[in-house]
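What follows is the content of run-v3.txt (compact mmCIF, C-alpha atoms).
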# COMPACT_ATOMS: atom_id res chain seq x y z
CA MET A 1 -10.75 25.63 -20.69
CA ASP A 2 -8.89 25.55 -17.32
CA SER A 3 -10.17 23.66 -14.26
CA SER A 4 -11.83 26.70 -12.64
CA GLN A 5 -13.75 27.56 -15.82
CA HIS A 6 -14.75 23.91 -16.21
CA SER A 7 -16.10 23.86 -12.64
CA LEU A 8 -18.19 26.95 -13.33
CA SER A 9 -19.61 25.45 -16.54
CA PHE A 10 -20.37 22.21 -14.67
CA PHE A 11 -22.27 24.10 -11.98
CA ASP A 12 -24.15 25.92 -14.75
CA PHE A 13 -25.13 22.54 -16.25
CA LEU A 14 -26.42 21.33 -12.88
CA ASP A 15 -28.36 24.56 -12.39
CA ARG A 16 -30.08 24.11 -15.74
CA MET A 17 -30.91 20.52 -14.88
CA ARG A 18 -32.69 21.78 -11.75
CA ASN A 19 -34.90 23.99 -13.88
CA PRO A 20 -38.44 22.46 -14.03
CA ALA A 21 -38.32 22.82 -17.83
CA SER A 22 -35.52 20.21 -17.97
CA ILE A 23 -37.52 17.44 -16.30
CA ASP A 24 -37.56 15.37 -19.51
CA LEU A 25 -33.75 15.51 -19.79
CA VAL A 26 -33.32 14.61 -16.12
CA ARG A 27 -35.59 11.60 -16.53
CA SER A 28 -33.62 10.38 -19.55
CA ILE A 29 -30.32 10.74 -17.67
CA LYS A 30 -31.51 8.96 -14.54
CA SER A 31 -33.16 6.23 -16.59
CA PHE A 32 -29.89 5.57 -18.41
CA ILE A 33 -27.91 5.44 -15.15
CA VAL A 34 -30.34 2.96 -13.57
CA SER A 35 -30.50 0.79 -16.69
CA PHE A 36 -26.70 0.83 -17.10
CA SER A 37 -26.17 -0.15 -13.46
CA PHE A 38 -28.39 -3.23 -13.71
CA HIS A 39 -26.46 -4.82 -16.58
CA THR A 40 -23.42 -7.03 -16.01
CA ALA A 41 -20.18 -5.13 -16.57
CA ASN A 42 -18.64 -5.54 -20.02
CA SER A 43 -16.08 -2.91 -20.88
CA GLU A 44 -16.47 -2.83 -24.66
CA SER A 45 -20.27 -2.86 -24.75
CA ASP A 46 -20.43 -0.43 -21.82
CA GLY A 47 -18.25 2.04 -23.71
CA LYS A 48 -20.49 1.84 -26.77
CA LYS A 49 -23.63 2.33 -24.65
CA LEU A 50 -22.19 5.48 -23.12
CA GLN A 51 -21.07 6.91 -26.47
CA ASP A 52 -24.48 6.23 -28.04
CA PHE A 53 -26.23 7.85 -25.08
CA LEU A 54 -24.08 10.99 -25.31
CA LEU A 55 -24.84 11.31 -29.03
CA THR A 56 -28.57 10.94 -28.38
CA MET A 57 -28.48 13.49 -25.57
CA GLU A 58 -26.55 15.94 -27.74
CA GLY A 59 -29.49 16.05 -30.11
CA SER A 60 -31.95 16.43 -27.24
CA ILE A 61 -29.96 19.29 -25.70
CA ARG A 62 -29.63 21.13 -29.00
CA ASP A 63 -33.41 20.94 -29.50
CA HIS A 64 -34.29 21.85 -25.93
CA PRO A 65 -35.76 25.31 -25.11
CA LEU A 66 -33.20 25.88 -22.35
CA TRP A 67 -30.47 25.86 -25.01
CA ALA A 68 -32.51 27.41 -27.83
CA SER A 69 -30.15 30.34 -28.33
CA ALA A 70 -27.02 28.67 -26.98
CA SER A 71 -23.68 28.97 -28.74
CA GLU A 72 -21.61 25.95 -29.79
CA GLU A 73 -19.36 26.56 -26.78
CA GLU A 74 -22.36 26.47 -24.41
CA ILE A 75 -23.62 23.24 -26.02
CA ASP A 76 -20.15 21.74 -25.64
CA CYS A 77 -20.05 22.79 -21.96
CA ALA A 78 -23.43 21.12 -21.41
CA LEU A 79 -22.18 17.88 -22.97
CA GLU A 80 -19.02 18.02 -20.87
CA GLY A 81 -21.19 18.50 -17.79
CA LEU A 82 -23.38 15.58 -18.83
CA GLU A 83 -20.38 13.29 -19.30
CA LYS A 84 -18.97 14.26 -15.92
CA TYR A 85 -22.29 13.82 -14.11
CA VAL A 86 -23.06 10.41 -15.62
CA MET A 87 -19.54 8.99 -15.21
CA THR A 88 -19.27 10.24 -11.63
CA LYS A 89 -22.50 8.39 -10.84
CA LEU A 90 -21.30 5.26 -12.66
CA PHE A 91 -17.65 5.39 -11.60
CA SER A 92 -17.70 2.38 -9.28
CA ARG A 93 -19.51 0.42 -11.98
CA THR A 94 -17.11 1.31 -14.82
CA PHE A 95 -13.62 1.82 -13.36
CA ALA A 96 -11.33 -1.20 -12.83
CA VAL A 97 -14.27 -3.59 -12.57
CA SER A 98 -12.74 -6.71 -14.15
CA SER A 99 -10.31 -9.03 -12.39
CA GLU A 100 -8.08 -8.91 -15.47
CA ASP A 101 -7.75 -5.11 -15.28
CA ILE A 102 -6.97 -5.28 -11.57
CA LYS A 103 -4.32 -7.94 -12.25
CA ILE A 104 -2.68 -5.83 -14.99
CA ASP A 105 -2.69 -2.76 -12.74
CA GLN A 106 -0.98 -4.74 -10.00
CA GLN A 107 1.65 -6.18 -12.34
CA ILE A 108 2.50 -2.74 -13.72
CA SER A 109 2.55 -1.30 -10.20
CA GLU A 110 4.96 -3.94 -8.92
CA LYS A 111 7.28 -3.54 -11.90
CA ILE A 112 7.39 0.24 -11.55
CA SER A 113 8.05 -0.03 -7.82
CA LEU A 114 11.16 -2.09 -8.64
CA LEU A 115 12.35 0.19 -11.46
CA GLN A 116 12.00 3.25 -9.24
CA ASN A 117 14.84 1.92 -7.13
CA PHE A 118 17.57 2.10 -9.76
CA LEU A 119 16.34 3.59 -13.05
CA ARG A 120 18.31 6.62 -14.22
CA PRO A 121 17.80 8.94 -17.23
CA GLU A 122 20.85 7.43 -18.96
CA HIS A 123 19.09 4.05 -19.11
CA LEU A 124 16.48 5.59 -21.42
CA ASP A 125 19.07 7.50 -23.46
CA ILE A 126 17.67 10.86 -22.32
CA PRO A 127 20.28 13.47 -23.38
CA PRO A 128 21.85 15.45 -20.52
CA VAL A 129 20.48 18.69 -21.95
CA LEU A 130 16.98 17.46 -21.01
CA HIS A 131 17.90 16.57 -17.42
CA ASN A 132 15.72 19.07 -15.58
CA GLU A 133 14.56 17.83 -12.18
CA ALA A 134 12.22 20.79 -11.63
CA SER A 135 10.32 20.19 -14.88
CA TRP A 136 10.24 16.43 -14.33
CA LEU A 137 8.87 16.88 -10.82
CA LEU A 138 6.17 19.24 -12.08
CA ALA A 139 5.18 16.72 -14.77
CA GLU A 140 5.11 13.93 -12.16
CA LYS A 141 2.85 15.99 -9.89
CA GLU A 142 0.36 16.51 -12.72
CA LEU A 143 0.25 12.79 -13.53
CA GLN A 144 -0.12 11.87 -9.86
CA LYS A 145 -3.45 13.74 -9.76
CA ILE A 146 -5.12 11.31 -12.17
CA ASN A 147 -6.75 9.14 -9.51
CA ALA A 148 -8.21 12.15 -7.73
CA PHE A 149 -10.86 12.51 -10.45
CA LYS A 150 -13.79 10.42 -11.60
CA SER A 151 -14.59 11.93 -14.99
CA PRO A 152 -12.75 10.88 -18.20
CA ARG A 153 -12.17 14.51 -19.19
CA GLU A 154 -10.43 15.41 -15.92
CA LYS A 155 -8.30 12.28 -15.98
CA LEU A 156 -7.28 13.09 -19.54
CA LEU A 157 -6.48 16.66 -18.49
CA CYS A 158 -3.97 15.30 -15.95
CA ILE A 159 -2.20 13.49 -18.80
CA LEU A 160 -2.31 16.59 -21.02
CA ASN A 161 -0.86 18.82 -18.30
CA CYS A 162 1.94 16.32 -17.64
CA CYS A 163 2.80 16.06 -21.33
CA ARG A 164 2.62 19.84 -21.86
CA VAL A 165 5.22 20.33 -19.13
CA ILE A 166 7.54 17.88 -20.90
CA ASN A 167 6.85 19.46 -24.30
CA ASN A 168 7.61 22.93 -22.91
CA LEU A 169 10.91 21.59 -21.57
CA LEU A 170 11.81 20.32 -25.04
CA LEU A 171 10.85 23.64 -26.64
CA ASN A 172 12.79 25.70 -24.10
CA VAL A 173 15.89 23.54 -24.55
CA SER A 174 15.71 23.74 -28.34
CA MET A 175 15.59 27.54 -28.14
CA SER A 176 18.09 28.15 -25.35
CA GLU A 177 20.67 25.47 -26.15
CA ASN A 178 20.64 26.06 -29.90
CA CYS A 179 20.14 22.36 -30.56
CA VAL A 180 17.64 20.32 -32.53
CA ILE A 181 15.25 18.21 -30.44
CA ALA A 182 14.09 15.10 -32.25
CA GLY A 183 10.41 15.38 -31.33
CA ALA A 184 8.84 12.06 -30.29
CA ASP A 185 12.28 10.39 -30.11
CA ASP A 186 13.12 12.69 -27.20
CA PHE A 187 9.59 13.21 -25.84
CA LEU A 188 8.66 9.56 -25.23
CA PRO A 189 11.75 8.59 -23.16
CA VAL A 190 11.16 11.55 -20.84
CA LEU A 191 7.47 10.62 -20.51
CA ILE A 192 8.44 7.02 -19.68
CA TYR A 193 10.88 8.23 -17.03
CA VAL A 194 8.30 10.62 -15.53
CA THR A 195 5.65 7.87 -15.52
CA ILE A 196 7.93 5.51 -13.62
CA LYS A 197 8.99 8.21 -11.16
CA ALA A 198 5.49 9.66 -10.72
CA SER A 199 4.56 7.51 -7.71
CA PRO A 200 5.83 7.69 -4.14
CA TYR A 201 7.51 4.49 -2.94
CA TRP A 202 4.92 4.11 -0.22
CA ASP A 203 1.99 3.99 -2.69
CA ALA A 204 0.67 0.66 -3.89
CA ALA A 205 0.11 1.93 -7.43
CA ASN A 206 2.57 3.68 -9.74
CA PRO A 207 0.95 5.88 -10.95
CA PRO A 208 -2.29 4.64 -9.34
CA GLN A 209 -4.04 2.11 -11.62
CA LEU A 210 -2.30 3.27 -14.79
CA HIS A 211 -3.85 0.61 -17.03
CA SER A 212 -7.39 1.14 -15.72
CA ASN A 213 -7.13 4.92 -16.04
CA LEU A 214 -6.07 4.68 -19.67
CA LYS A 215 -8.79 2.17 -20.46
CA PHE A 216 -11.41 4.30 -18.69
CA ILE A 217 -10.48 7.37 -20.75
CA GLN A 218 -10.42 5.42 -24.00
CA LEU A 219 -13.88 3.92 -23.42
CA TYR A 220 -15.78 6.77 -21.81
CA ARG A 221 -14.28 10.04 -23.02
CA ARG A 222 -16.41 11.61 -25.77
CA GLN A 223 -14.90 10.31 -28.99
CA ASP A 224 -14.93 13.70 -30.72
CA LYS A 225 -12.67 14.96 -27.91
CA LEU A 226 -9.99 12.28 -28.30
CA ILE A 227 -8.43 14.04 -31.29
CA SER A 228 -5.40 16.20 -32.20
CA GLU A 229 -3.31 17.18 -29.15
CA SER A 230 -5.36 15.07 -26.73
CA ALA A 231 -5.06 11.97 -28.92
CA TYR A 232 -1.32 12.51 -29.46
CA TYR A 233 -0.45 12.82 -25.76
CA PHE A 234 -2.84 10.03 -24.76
CA THR A 235 -1.31 7.69 -27.35
CA ASN A 236 2.17 8.52 -26.05
CA LEU A 237 1.21 7.53 -22.51
CA VAL A 238 -0.30 4.29 -23.83
CA SER A 239 3.04 3.67 -25.55
CA ALA A 240 4.88 4.46 -22.30
CA LYS A 241 2.73 1.90 -20.48
CA SER A 242 3.43 -0.74 -23.13
CA PHE A 243 7.17 -0.02 -22.91
CA ILE A 244 7.11 -0.50 -19.13
CA VAL A 245 5.17 -3.76 -19.41
CA ASP A 246 7.69 -5.20 -21.89
CA LEU A 247 10.78 -3.59 -20.34
CA ASN A 248 13.86 -5.79 -19.95
CA ALA A 249 17.64 -5.41 -19.79
CA LYS A 250 17.88 -4.71 -23.51
CA SER A 251 15.30 -1.91 -23.21
CA LEU A 252 17.62 -0.10 -20.78
CA SER A 253 20.85 -0.93 -22.63
CA MET A 254 21.95 -2.91 -19.58
CA ASP A 255 23.78 -6.18 -19.19
CA GLU A 256 21.29 -8.96 -18.32
CA THR A 257 23.22 -9.92 -15.18
CA GLU A 258 23.38 -6.31 -13.97
CA PHE A 259 19.66 -5.81 -14.67
CA GLN A 260 18.70 -8.91 -12.67
CA ARG A 261 21.01 -7.88 -9.82
CA CYS A 262 19.33 -4.48 -9.62
CA MET A 263 15.84 -6.00 -9.79
CA ASP A 264 16.72 -8.45 -6.99
CA ALA A 265 18.20 -5.65 -4.87
CA ALA A 266 15.04 -3.60 -5.49
CA ARG A 267 12.84 -6.46 -4.27
CA THR A 268 14.95 -6.74 -1.12
CA ALA A 269 14.77 -2.98 -0.55
CA ASN A 270 10.99 -2.98 -1.02
CA GLU A 271 10.70 -5.73 1.58
CA VAL A 272 12.61 -3.55 4.04
CA MET A 273 10.16 -0.65 3.65
CA PRO A 274 7.34 -2.18 5.73
CA VAL A 275 9.94 -2.81 8.42
CA SER A 276 10.82 0.89 8.43
CA GLN A 277 7.14 1.74 8.97
CA SER A 278 7.04 -0.38 12.14
CA MET A 279 10.29 1.31 13.17
CA SER A 280 8.50 4.63 12.92
CA TRP A 281 6.17 3.77 15.80
CA GLU A 282 9.03 2.46 17.87
CA MET A 283 11.12 5.57 17.32
CA GLN A 284 8.11 7.68 18.30
CA ALA A 285 7.77 5.63 21.46
CA LEU A 286 11.40 6.38 22.26
CA ALA A 287 10.65 10.04 21.53
CA GLY A 288 7.91 10.10 24.14
CA HIS A 289 4.95 10.09 21.75
CA LYS A 290 3.96 6.72 23.22
CA ASP A 291 4.18 5.94 26.90
CA PRO A 292 6.08 2.74 27.59
CA SER A 293 5.15 1.53 31.03
CA SER A 294 8.66 0.81 32.24
CA SER A 295 12.34 1.15 31.49
CA SER A 296 12.30 -2.47 30.31
CA SER A 297 9.77 -1.42 27.65
CA LEU A 298 12.14 1.31 26.55
CA ARG A 299 15.00 -1.17 26.36
CA SER A 300 12.96 -3.69 24.30
CA ILE A 301 11.91 -0.98 21.83
CA GLU A 302 15.49 0.26 21.53
CA THR A 303 16.67 -3.33 20.90
CA SER A 304 13.99 -3.81 18.23
CA VAL A 305 14.95 -0.62 16.39
CA THR A 306 18.64 -1.43 16.56
CA GLY A 307 18.01 -4.95 15.25
CA LYS A 308 16.01 -3.68 12.28
CA LEU A 309 18.66 -1.12 11.40
CA VAL A 310 21.34 -3.81 11.58
CA SER A 311 19.15 -6.00 9.37
CA PHE A 312 19.02 -3.17 6.86
CA CYS A 313 22.79 -2.81 7.03
CA SER A 314 23.22 -6.53 6.38
CA LEU A 315 21.89 -6.06 2.85
CA GLY A 316 25.44 -5.08 2.05
CA PRO A 317 27.12 -2.13 0.30
CA GLN A 318 27.53 -4.15 -2.91
CA ASN A 319 23.88 -3.35 -3.72
CA SER A 320 24.01 0.30 -2.64
CA SER A 321 23.66 1.61 -6.20
CA CYS A 322 20.26 -0.09 -6.38
CA TYR A 323 18.87 1.26 -3.08
CA PRO A 324 15.97 3.71 -3.43
CA SER A 325 16.84 7.20 -2.26
CA VAL A 326 13.52 7.40 -0.44
CA LEU A 327 14.47 4.37 1.69
CA ILE A 328 17.70 6.09 2.60
CA ALA A 329 15.76 9.23 3.50
CA ARG A 330 13.34 7.15 5.56
CA VAL A 331 16.17 5.66 7.61
CA ASN A 332 17.65 9.15 7.94
CA ASP A 333 14.38 10.47 9.31
CA LEU A 334 13.98 7.58 11.74
CA VAL A 335 17.51 7.72 13.11
CA MET A 336 18.20 11.46 13.08
CA SER A 337 14.75 12.85 13.91
CA PRO A 338 15.15 16.05 15.99
CA ASP A 339 12.00 15.05 17.88
CA ILE A 340 13.71 12.10 19.58
CA SER A 341 13.82 12.96 23.28
CA LEU A 342 14.81 10.58 26.06
CA SER A 343 14.64 13.10 28.89
CA GLY A 344 14.50 11.54 32.31
CA SER A 345 15.39 8.04 31.16
CA LYS A 346 17.59 6.05 33.52
CA GLU A 347 18.96 4.21 30.49
CA TYR A 348 20.82 7.35 29.36
CA PRO A 349 22.29 8.95 32.50
CA PHE A 350 24.52 11.46 30.68
CA LEU A 351 21.88 12.83 28.34
CA GLU A 352 21.08 15.91 30.41
CA ALA A 353 24.29 16.09 32.40
CA GLU A 354 26.30 19.33 32.56
CA ALA A 355 30.08 19.35 32.07
CA GLY A 356 30.72 20.26 35.71
CA GLU A 357 28.74 17.27 36.93
CA LEU A 358 30.98 14.69 35.26
CA THR A 359 33.62 12.80 37.22
CA VAL A 360 36.87 11.22 36.11
CA GLY A 361 35.19 7.83 36.42
CA ASP A 362 32.57 8.87 33.81
CA VAL A 363 35.21 9.31 31.11
CA GLU A 364 35.64 5.59 30.51
CA LYS A 365 31.86 5.08 30.21
CA LEU A 366 31.51 8.02 27.81
CA LEU A 367 34.40 6.79 25.67
CA GLY A 368 32.73 3.38 25.34
CA LEU A 369 29.41 5.01 24.33
CA TYR A 370 31.20 7.23 21.82
CA LYS A 371 32.88 4.23 20.15
CA GLU A 372 29.52 2.40 19.97
CA VAL A 373 27.81 5.37 18.32
CA VAL A 374 30.60 5.87 15.77
CA THR A 375 30.61 2.16 14.89
CA LYS A 376 26.84 2.05 14.30
CA TYR A 377 26.88 5.32 12.35
CA THR A 378 29.72 4.09 10.11
CA ARG A 379 27.94 0.80 9.40
CA LEU A 380 24.77 2.64 8.43
CA CYS A 381 26.66 5.02 6.14
CA ARG A 382 28.40 2.16 4.37
CA ALA A 383 25.12 0.27 4.01
CA VAL A 384 23.46 3.11 2.15
CA GLY A 385 26.39 3.66 -0.15
CA GLY A 386 28.22 6.53 1.48
CA GLN A 387 25.13 8.63 2.22
CA THR A 388 25.18 10.78 5.34
CA PHE A 389 22.26 11.66 7.51
CA SER A 390 22.63 15.35 6.76
CA ASN A 391 21.00 14.92 3.35
CA ARG A 392 17.46 15.62 4.47
CA GLN A 393 14.57 16.06 2.06
CA SER A 394 13.00 19.49 1.88
CA PRO A 395 9.31 19.82 2.72
CA ALA A 396 6.86 20.48 -0.08
CA PRO A 397 6.49 24.16 -1.02
CA LEU A 398 3.57 25.83 0.72
CA GLY A 399 2.12 26.89 -2.62
CA SER A 400 1.69 23.32 -3.83
CA VAL A 401 -0.05 22.37 -0.60
CA LEU A 402 -2.47 25.27 -0.87
CA SER A 403 -3.31 24.51 -4.49
CA HIS A 404 -3.98 20.90 -3.53
CA GLU A 405 -6.35 22.03 -0.78
CA GLU A 406 -8.13 24.31 -3.20
CA GLU A 407 -8.55 21.41 -5.64
CA LYS A 408 -10.05 19.23 -2.91
CA SER A 409 -12.48 22.01 -1.98
CA VAL A 410 -13.70 22.37 -5.56
CA LYS A 411 -14.12 18.60 -5.95
CA PHE A 412 -16.03 18.41 -2.66
CA ASP A 413 -18.41 21.15 -3.78
CA GLU A 414 -18.96 19.40 -7.13
CA GLU A 415 -19.72 16.06 -5.52
CA LYS A 416 -22.23 17.69 -3.16
CA GLU A 417 -23.95 19.26 -6.16
CA ILE A 418 -24.03 15.91 -8.01
CA GLN A 419 -25.59 14.18 -5.01
CA GLY A 420 -28.17 16.97 -4.79
CA LEU A 421 -29.43 16.62 -8.39
What would the structure in this file look like if it were written as structure tokens?
Amino acid sequence: MDSSQHSLSFFDFLDRMRNPASIDLVRSIKSFIVSFSFHTANSESDGKKLQDFLLTMEGSIRDHPLWASASEEEIDCALEGLEKYVMTKLFSRTFAVSSEDIKIDQQISEKISLLQNFLRPEHLDIPPVLHNEASWLLAEKELQKINAFKSPREKLLCILNCCRVINNLLLNVSMSENCVIAGADDFLPVLIYVTIKASPYWDAANPPQLHSNLKFIQLYRRQDKLISESAYYFTNLVSAKSFIVDLNAKSLSMDETEFQRCMDAARTANEVMPVSQSMSWEMQALAGHKDPSSSSSLRSIETSVTGKLVSFCSLGPQNSSCYPSVLIARVNDLVMSPDISLSGSKEYPFLEAEAGELTVGDVEKLLGLYKEVVTKYTRLCRAVGGQTFSNRQSPAPLGSVLSHEEEKSVKFDEEKEIQGL
């Protein structure tokens, strides 16, 4: 069942619950939610309570007049709707509620944020034939959606869609390249790589609350649905999480000294990122988006930006192989933004000058400015390991943006319906 069909079946469930004949079912559901909410959170016992309730309600729904002539598929849709309704209502009470879960999420997040800086497919022994950035990106996008949902089924579907993309890649390679793919031995390393790469550098979680999402699905997804394909892919992501938690130099076939050097460089790079965010405002001020009150304000902002860029350069080219590409892109965007406009500024007298307006005396000034620009540009290039500012990232395809907006619209409609029941 795809997401659109699931939404329709969920709306059908809510419609039936609004039928006066279903008042007894509605009372049972609301009574369970209230009773559940009053008890102190305990993950294991909470999971059992939910599973027992779903089993009890399955019998009630099968015996109810509203489903008297319903098919097995319709009964299943009703139970899926029930699970989604109850867990949406209880989400804040059941998801990442213990301090231990929050701590584990944070530890995994911090480790992934470091690995993102330098991890390459070769570290996980992923064969070159499986290096497919388009497929990996698609799988990452599916996994990134997991925190957008509140029901166990929808979170699990994000994992399934991610894993199906990877599995299709393996199947296509085995058919087109005339080679034998070793199943799980090739699948799991790609999933680990995708999991690590699935979060933007600027997010605090990578992917958001990975541990809590897996625990939530395991406890609250209907047990008769965590079987076959779903169980296989879910178990693989649990294994990927465990691998990341225990990951060390040996896991990546790296020398211990090299591994520690890359981890230290990653920590330094991550510390620079908040600095680049403050630079963003300052560069916008220089661009005219803010309105500095005087030329001295402009000069102080320019000095601040220059100082931070020099600070970034001082990290040294010896660690350039460990710099995150997104940090490089961020500096590129800040320095080479086409929106930067200093029109009318007395600090830059030649900015709008025409060739015929220049005098012989201006040549010496211009030559000095040219040398300063070249020196700063060269230092920046060396600092980021030979990168140039022409390597700009492409914007996201319009199609992906539209599909994301459509998903948000459907979720908004569903949440309004849930609140209305």
task: With a distance cut-off of 12 Å and all atoms listed in the file, select the neighbouring residues of A:Leu124, excluding the residue or stretch itself and same-chain residues fewer than 3 positions from it, and output the selection as a ChimeraX atom specification.
output: /A:119-121,127-128,130-131,185-194,196,240,243-244,247-254
For the residues in the current selection, export C-alpha atoms as a short mmCIF file (atom, residue, chain, number, x, y, z; two decimals), keeping the file's coordinate frame.
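selection_32.cif, freshly written:
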data_model
loop_
_atom_site.label_atom_id
_atom_site.label_comp_id
_atom_site.auth_asym_id
_atom_site.auth_seq_id
_atom_site.Cartn_x
_atom_site.Cartn_y
_atom_site.Cartn_z
CA LEU A 119 16.34 3.59 -13.05
CA ARG A 120 18.31 6.62 -14.22
CA PRO A 121 17.80 8.94 -17.23
CA PRO A 127 20.28 13.47 -23.38
CA PRO A 128 21.85 15.45 -20.52
CA LEU A 130 16.98 17.46 -21.01
CA HIS A 131 17.90 16.57 -17.42
CA ASP A 185 12.28 10.39 -30.11
CA ASP A 186 13.12 12.69 -27.20
CA PHE A 187 9.59 13.21 -25.84
CA LEU A 188 8.66 9.56 -25.23
CA PRO A 189 11.75 8.59 -23.16
CA VAL A 190 11.16 11.55 -20.84
CA LEU A 191 7.47 10.62 -20.51
CA ILE A 192 8.44 7.02 -19.68
CA TYR A 193 10.88 8.23 -17.03
CA VAL A 194 8.30 10.62 -15.53
CA ILE A 196 7.93 5.51 -13.62
CA ALA A 240 4.88 4.46 -22.30
CA PHE A 243 7.17 -0.02 -22.91
CA ILE A 244 7.11 -0.50 -19.13
CA LEU A 247 10.78 -3.59 -20.34
CA ASN A 248 13.86 -5.79 -19.95
CA ALA A 249 17.64 -5.41 -19.79
CA LYS A 250 17.88 -4.71 -23.51
CA SER A 251 15.30 -1.91 -23.21
CA LEU A 252 17.62 -0.10 -20.78
CA SER A 253 20.85 -0.93 -22.63
CA MET A 254 21.95 -2.91 -19.58
#
task: List every protein, DNA or RNA residue that has an atom no more than 12 Å from (-25.4, 17.2, -15.7) in the file's coordinate frame, counting all atoms listed in the file, and report them as a PyMOL selection string.
output: chain A and resi 7+9-19+22+25-30+54+57+61+77-89+414-415+417-421
field: Nearest to A:Ser109 by atom-to-atom distance, counting all atoms listed in the file, from A:Val34, A:Val97, A:Ala41, A:Val245
entry: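 Closest to A:Ser109, using all atoms listed in the file: A:Val245.
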query: Residues at most 6 Å from A:Ile146, counting only C-alpha atoms, excluding those fewer than 2 positions away in the same chain, as a VMD selection string?
result: chain A and resid 143 to 144 148 155 158
- request: Quick one: pull the distance between atom CA of A:Lys215 and atom CA of A:Asp101, Å, one decimal.
  value: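 So the two atoms, atom CA of A:Lys215 and atom CA of A:Asp101, lie 9.0 Å apart.
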Would you place a box with edges along x, y and z of the file around all atoms of stretch 211-220 of chain A listed there, add 4 Å to each of its six sides, and report the centre and edge lengths in Å to one decimal, as lines of an AutoDock Vina configuration file?
center_x = -9.8
center_y = 4.0
center_z = -19.9
size_x = 19.9
size_y = 14.8
size_z = 16.3
